[in-house]
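Pasted below: start11.txt, compact mmCIF, C-alpha atoms.
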```
# COMPACT_ATOMS: atom_id res chain seq x y z
CA MET A 1 87.02 48.01 183.27
CA VAL A 2 85.95 48.11 179.61
CA LYS A 3 82.39 47.07 180.52
CA LYS A 4 82.26 49.81 183.16
CA ALA A 5 83.46 52.40 180.62
CA LEU A 6 80.86 51.23 178.09
CA ALA A 7 78.15 51.41 180.78
CA ILE A 8 79.18 55.00 181.52
CA ILE A 9 79.13 55.83 177.80
CA LEU A 10 75.67 54.27 177.43
CA TYR A 11 74.41 56.25 180.41
CA ALA A 12 75.81 59.41 178.82
CA VAL A 13 74.07 58.54 175.53
CA LEU A 14 70.79 58.02 177.34
CA LEU A 15 71.19 61.21 179.36
CA ALA A 16 72.03 63.20 176.25
CA GLY A 17 69.07 61.60 174.50
CA ALA A 18 66.83 62.63 177.37
CA LEU A 19 68.08 66.23 177.18
CA HIS A 20 67.73 66.20 173.40
CA ALA A 21 64.25 64.75 173.79
CA ALA A 22 63.17 67.59 176.03
CA ALA A 23 64.12 70.01 173.29
CA ASP A 24 62.47 68.04 170.47
CA GLU A 25 59.58 66.48 172.40
CA TRP A 26 61.05 63.04 171.66
CA THR A 27 61.04 60.51 174.49
CA PRO A 28 63.97 58.07 174.34
CA LEU A 29 63.43 54.43 175.15
CA LEU A 30 65.29 53.31 178.26
CA ALA A 31 66.72 50.05 179.57
CA GLU A 32 63.66 49.52 181.74
CA ASP A 33 61.62 49.60 178.51
CA GLY A 34 63.74 46.72 177.14
CA TRP A 35 65.83 48.88 174.78
CA SER A 36 69.40 50.15 174.62
CA TYR A 37 71.21 52.39 172.17
CA ILE A 38 74.05 51.62 169.83
CA GLY A 39 76.01 54.13 167.83
CA TYR A 40 78.71 54.58 165.23
CA THR A 41 80.86 57.41 166.56
CA TYR A 42 82.58 58.34 163.29
CA GLY A 43 79.35 59.04 161.43
CA GLY A 44 77.41 60.20 164.48
CA ILE A 45 74.66 57.62 163.93
CA THR A 46 72.71 56.18 166.88
CA PHE A 47 69.50 54.16 167.29
CA ALA A 48 67.72 51.91 169.76
CA VAL A 49 67.78 48.10 169.64
CA PRO A 50 66.15 45.49 171.89
CA ASP A 51 68.22 44.58 174.96
CA ASP A 52 68.83 41.06 173.64
CA TYR A 53 70.52 42.46 170.51
CA ALA A 54 73.92 40.89 169.79
CA ASP A 55 76.70 42.13 167.49
CA TRP A 56 78.01 39.70 164.90
CA GLU A 57 81.63 39.93 163.91
CA LEU A 58 82.23 41.41 160.47
CA ASP A 59 84.65 39.65 158.16
CA ALA A 60 87.19 41.48 155.98
CA GLU A 61 84.97 41.31 152.89
CA GLU A 62 81.98 42.86 154.72
CA LYS A 63 84.18 45.64 156.09
CA ALA A 64 85.54 46.30 152.59
CA GLN A 65 81.94 46.64 151.36
CA GLY A 66 81.28 49.37 153.94
CA TYR A 67 79.46 47.39 156.62
CA VAL A 68 80.11 48.89 160.06
CA LEU A 69 77.51 46.93 162.01
CA LEU A 70 75.75 43.61 161.69
CA GLY A 71 73.68 42.04 164.44
CA GLY A 72 70.26 41.17 165.73
CA ASN A 73 68.28 38.56 167.62
CA ALA A 74 65.73 35.85 166.77
CA ASP A 75 63.25 38.47 165.52
CA PHE A 76 65.37 40.81 163.38
CA THR A 77 68.70 41.41 161.69
CA VAL A 78 70.11 44.91 161.27
CA GLN A 79 72.93 46.18 159.09
CA LEU A 80 74.55 49.60 159.13
CA ARG A 81 76.52 50.38 156.01
CA VAL A 82 78.46 53.46 154.91
CA PHE A 83 78.96 54.48 151.29
CA SER A 84 81.73 56.61 149.83
CA PRO A 85 80.62 59.61 147.73
CA ASP A 86 81.57 57.83 144.50
CA GLN A 87 79.36 54.83 145.42
CA LEU A 88 76.07 56.38 146.49
CA SER A 89 74.76 59.61 148.01
CA TYR A 90 71.72 60.27 150.17
CA ASP A 91 70.03 62.28 147.41
CA ASP A 92 70.64 59.54 144.81
CA PHE A 93 69.29 56.88 147.15
CA LYS A 94 66.25 58.99 148.04
CA ALA A 95 65.49 59.37 144.31
CA ARG A 96 65.82 55.60 143.81
CA VAL A 97 63.42 54.85 146.68
CA ALA A 98 60.89 57.31 145.23
CA GLN A 99 60.85 55.23 142.03
CA VAL A 100 60.14 51.93 143.80
CA SER A 101 56.39 51.35 143.94
CA SER A 102 56.72 48.84 146.81
CA ALA A 103 58.53 51.32 149.08
CA ASP A 104 56.32 53.22 151.51
CA ALA A 105 58.67 56.11 152.32
CA HIS A 106 58.63 59.33 154.28
CA VAL A 107 61.20 61.89 155.38
CA ARG A 108 61.48 63.18 158.92
CA MET A 109 63.77 65.84 160.28
CA ASP A 110 66.44 65.49 162.96
CA GLY A 111 67.23 69.12 163.64
CA ASP A 112 68.13 70.44 160.20
CA ARG A 113 69.05 67.01 158.78
CA GLU A 114 66.78 64.71 156.82
CA ILE A 115 66.25 61.05 157.64
CA LEU A 116 64.53 58.86 155.04
CA VAL A 117 62.48 55.99 156.49
CA TYR A 118 60.96 53.38 154.21
CA ARG A 119 59.06 50.10 154.44
CA ASN A 120 58.86 47.30 151.89
CA THR A 121 55.16 46.74 151.15
CA THR A 122 55.82 43.47 149.26
CA PRO A 123 58.20 41.68 151.63
CA ASP A 124 59.56 38.17 151.50
CA ALA A 125 61.88 36.19 153.76
CA TYR A 126 65.02 37.45 152.01
CA SER A 127 64.23 41.08 151.23
CA GLU A 128 65.01 44.23 153.15
CA LEU A 129 61.85 44.83 155.16
CA TYR A 130 62.56 48.31 156.47
CA GLY A 131 65.27 50.89 156.04
CA ILE A 132 66.59 54.19 157.30
CA ALA A 133 68.91 56.40 155.25
CA MET A 134 70.78 59.55 156.27
CA THR A 135 73.90 61.55 155.77
CA GLY A 136 76.19 61.18 158.78
CA LEU A 137 77.95 63.97 160.59
CA ASP A 138 81.06 63.02 158.59
CA GLY A 139 79.23 63.85 155.34
CA LEU A 140 79.00 60.22 154.19
CA PHE A 141 75.81 58.35 153.30
CA TYR A 142 74.61 55.73 155.83
CA LYS A 143 71.93 53.11 155.35
CA ILE A 144 70.35 51.02 158.10
CA SER A 145 68.70 47.89 156.70
CA ILE A 146 66.38 45.63 158.69
CA PHE A 147 65.63 42.04 157.75
CA THR A 148 63.82 39.22 159.49
CA GLY A 149 65.71 37.34 162.20
CA GLU A 150 66.56 33.71 162.80
CA ASN A 151 62.86 32.87 163.15
CA GLY A 152 62.21 33.99 159.56
CA ALA A 153 58.90 35.64 160.51
CA PHE A 154 57.82 38.64 158.45
CA ASP A 155 54.00 38.40 158.42
CA GLU A 156 52.22 41.60 159.43
CA ASP A 157 52.11 40.55 163.12
CA ALA A 158 55.78 39.50 163.30
CA PRO A 159 57.89 41.32 165.93
CA VAL A 160 60.35 42.49 163.26
CA TRP A 161 57.92 45.23 162.15
CA LYS A 162 57.59 46.82 165.60
CA ILE A 163 61.37 46.59 166.11
CA ALA A 164 61.94 48.19 162.70
CA GLU A 165 59.51 51.02 163.46
CA ILE A 166 61.27 51.76 166.74
CA ILE A 167 64.68 51.75 165.06
CA GLY A 168 63.27 54.13 162.46
CA GLN A 169 61.80 56.42 165.12
CA THR A 170 64.95 56.48 167.27
CA ALA A 171 67.61 56.81 164.55
CA ARG A 172 69.38 60.10 165.22
CA HIS A 173 72.54 62.08 164.61
CA GLN A 174 74.74 62.39 167.69
CA ASP A 175 78.00 64.31 167.99
CA PHE A 176 79.92 61.94 170.25
CA SER A 177 82.93 64.29 170.42
CA GLU A 178 80.97 66.37 172.94
CA TRP A 179 81.66 63.55 175.41
CA GLY A 180 85.33 63.17 174.54
CA ILE A 181 84.69 59.89 172.71
CA SER A 182 87.04 59.15 169.86
CA ASP A 183 85.48 59.51 166.43
CA THR A 184 87.91 57.25 164.59
CA PRO A 185 86.38 55.10 161.85
CA GLY A 186 85.09 51.76 163.05
CA ARG A 187 84.22 52.71 166.62
CA MET A 188 80.85 51.40 167.81
CA ILE A 189 79.37 52.05 171.22
CA HIS A 190 76.68 50.16 173.10
```

Could you quickly redo this structure as structure tokens?
Amino acid sequence: MVKKALAIILYAVLLAGALHAAADEWTPLLAEDGWSYIGYTYGGITFAVPDDYADWELDAEEKAQGYVLLGGNADFTVQLRVFSPDQLSYDDFKARVAQVSSADAHVRMDGDREILVYRNTTPDAYSELYGIAMTGLDGLFYKISIFTGENGAFDEDAPVWKIAEIIGQTARHQDFSEWGISDTPGRMIH
């Protein structure tokens, strides 16, 4: 029953994405393309991941540090973290990224909201390779960080870069309350 409900929610996300795409000339990736969408309902954050993406359980310490998602596959690892206003804001983070010479960054718009997308131009096996930063619909700052996966590959032809670019292109704000989905903290949808 839970899997059926999640399948219905995913279909609704994809349908809403398709309708949103028609308005913004953005074409969502679909299951037949090898992608699915995940989202954090409380912050209204959603993005595409490869179909073989798997969630990893967060421990109490990670949750206390603001992590709301951790997962990946052999090619990439992704983290979604939320920051309280006294920890870090979008504007403060954007200013920090602008000062890092190894960050190739640009801002794109999602309606009237900014999304900062950046790439590490001097990567190594342990560094954040790619990131997306935005203010969620709840007013809090969210940061999506992408690292290499279990295979450790990060050379310029490694799959992690294409995956990261697609996550960066598909990261969006989504008001899940329009579908009657609870927006309590900690709720993830797939």

Which of A:Pro123, A:Gly44, A:Gly72, A:Gly139 sits closest to A:Glu57 [using only C-alpha atoms]:
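For A:Glu57, the nearest of the candidates is A:Gly72.
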
Show which residues sit within 7 Å of A:Ala125, as a list of chain:residue names. Count all atoms listed in the file, and ignore same-chain residues fewer than 3 positions away.
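Residues near the query, excluding close chain neighbours: A:Thr148, A:Gly152, A:Phe154.
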
Tell me, in Å to one decimal, how far atom CA of A:Asp33 is from atom CA of A:His173.
21.6 Å

Between A:Phe76, A:Phe176, A:Tyr130, A:Phe147, which has the minimum distance to A:Thr46 (counting all atoms listed in the file)?
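The answer is A:Phe176, which sits nearest to A:Thr46.
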
Which of these residues is nearest to A:Tyr53, using all atoms listed in the file: A:Ala153, A:Ile163, A:Ala98, A:Ala171?
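The answer is A:Ile163, which sits nearest to A:Tyr53.
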
Report, in Å to a single decimal, how far apart atom CA of A:Asn73 and atom CA of A:Gly34 are.
13.3 Å

At what distance in Å, to one decimal, does atom CA of A:Gln174 lie from atom CA of A:His106?
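Atom CA of A:His106 sits 21.2 Å away from atom CA of A:Gln174.
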
A:Gly131, A:Asp55, A:Ser177, A:Phe93: which is nearest A:Tyr42, counting all atoms listed in the file?
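Under the stated criterion, the closest residue is A:Ser177.
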
List every protein, DNA or RNA residue with an atom no more than 6 Å from (68.1, 52.8, 166.6) in the file's coordinates, counting only C-alpha atoms, and format the result as a short mmCIF file (atom, residue, chain, number, x, y, z; two decimals) with C-alpha atoms, keeping the file's coordinate frame.
```cif
data_model
loop_
_atom_site.label_atom_id
_atom_site.label_comp_id
_atom_site.auth_asym_id
_atom_site.auth_seq_id
_atom_site.Cartn_x
_atom_site.Cartn_y
_atom_site.Cartn_z
CA THR A 46 72.71 56.18 166.88
CA PHE A 47 69.50 54.16 167.29
CA ALA A 48 67.72 51.91 169.76
CA VAL A 49 67.78 48.10 169.64
CA ILE A 167 64.68 51.75 165.06
CA THR A 170 64.95 56.48 167.27
CA ALA A 171 67.61 56.81 164.55
#
```

Neighbour list for A:Ser102 as a list in words, cut-off 10 Å, all atoms listed in the file, skip fewer than 2 positions in-chain:
Val97, Ala98, Gln99, Val100, Asp104, Ala105, Tyr118, Arg119, Asn120, Thr121, Thr122 and Pro123 of chain A

Pick from A:Gly136, A:Gly168, A:Gly149, A:Gly39, whichever lies nearest to A:Leu116 using all atoms listed in the file:
A:Gly168

Which polymer residues have any atom within 10 Å of an atom of A:Tyr90, counting only C-alpha atoms, with same-chain residues fewer than 2 positions away left out, as a ChimeraX atom specification?
/A:83,85,88,92-96,114-116,133-136,139-143

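Compared by their closest atoms to A:Ser127, and using only C-alpha atoms, the residues A:Ala64, A:Val107, A:Ile146, A:Leu69 rank with A:Ile146 nearest.
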
If we count all atoms listed in the file, what is near A:Asp51 at a cut-off of 9 Å, once residues fewer than 5 positions away on the same chain are taken out, given as a list in words?
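Near neighbours after the sequence-gap exclusion: Ala31, Gly34, Trp35, Ser36 and Tyr37 of chain A.
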
Excluding A:Leu80 and residues on its chain fewer than 4 positions from it, collect all residues at most 9 Å away from it, counting all atoms listed in the file, and give them as a PyMOL selection string.
chain A and resi 40+66-70+142-145

Those same residues, written as a compact mmCIF listing (two decimals), in the frame of the given file with C-alpha atoms?
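Saved result, selection_31.txt, follows:
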```txt
# COMPACT_ATOMS: atom_id res chain seq x y z
CA TYR A 40 78.71 54.58 165.23
CA GLY A 66 81.28 49.37 153.94
CA TYR A 67 79.46 47.39 156.62
CA VAL A 68 80.11 48.89 160.06
CA LEU A 69 77.51 46.93 162.01
CA LEU A 70 75.75 43.61 161.69
CA TYR A 142 74.61 55.73 155.83
CA LYS A 143 71.93 53.11 155.35
CA ILE A 144 70.35 51.02 158.10
CA SER A 145 68.70 47.89 156.70
```
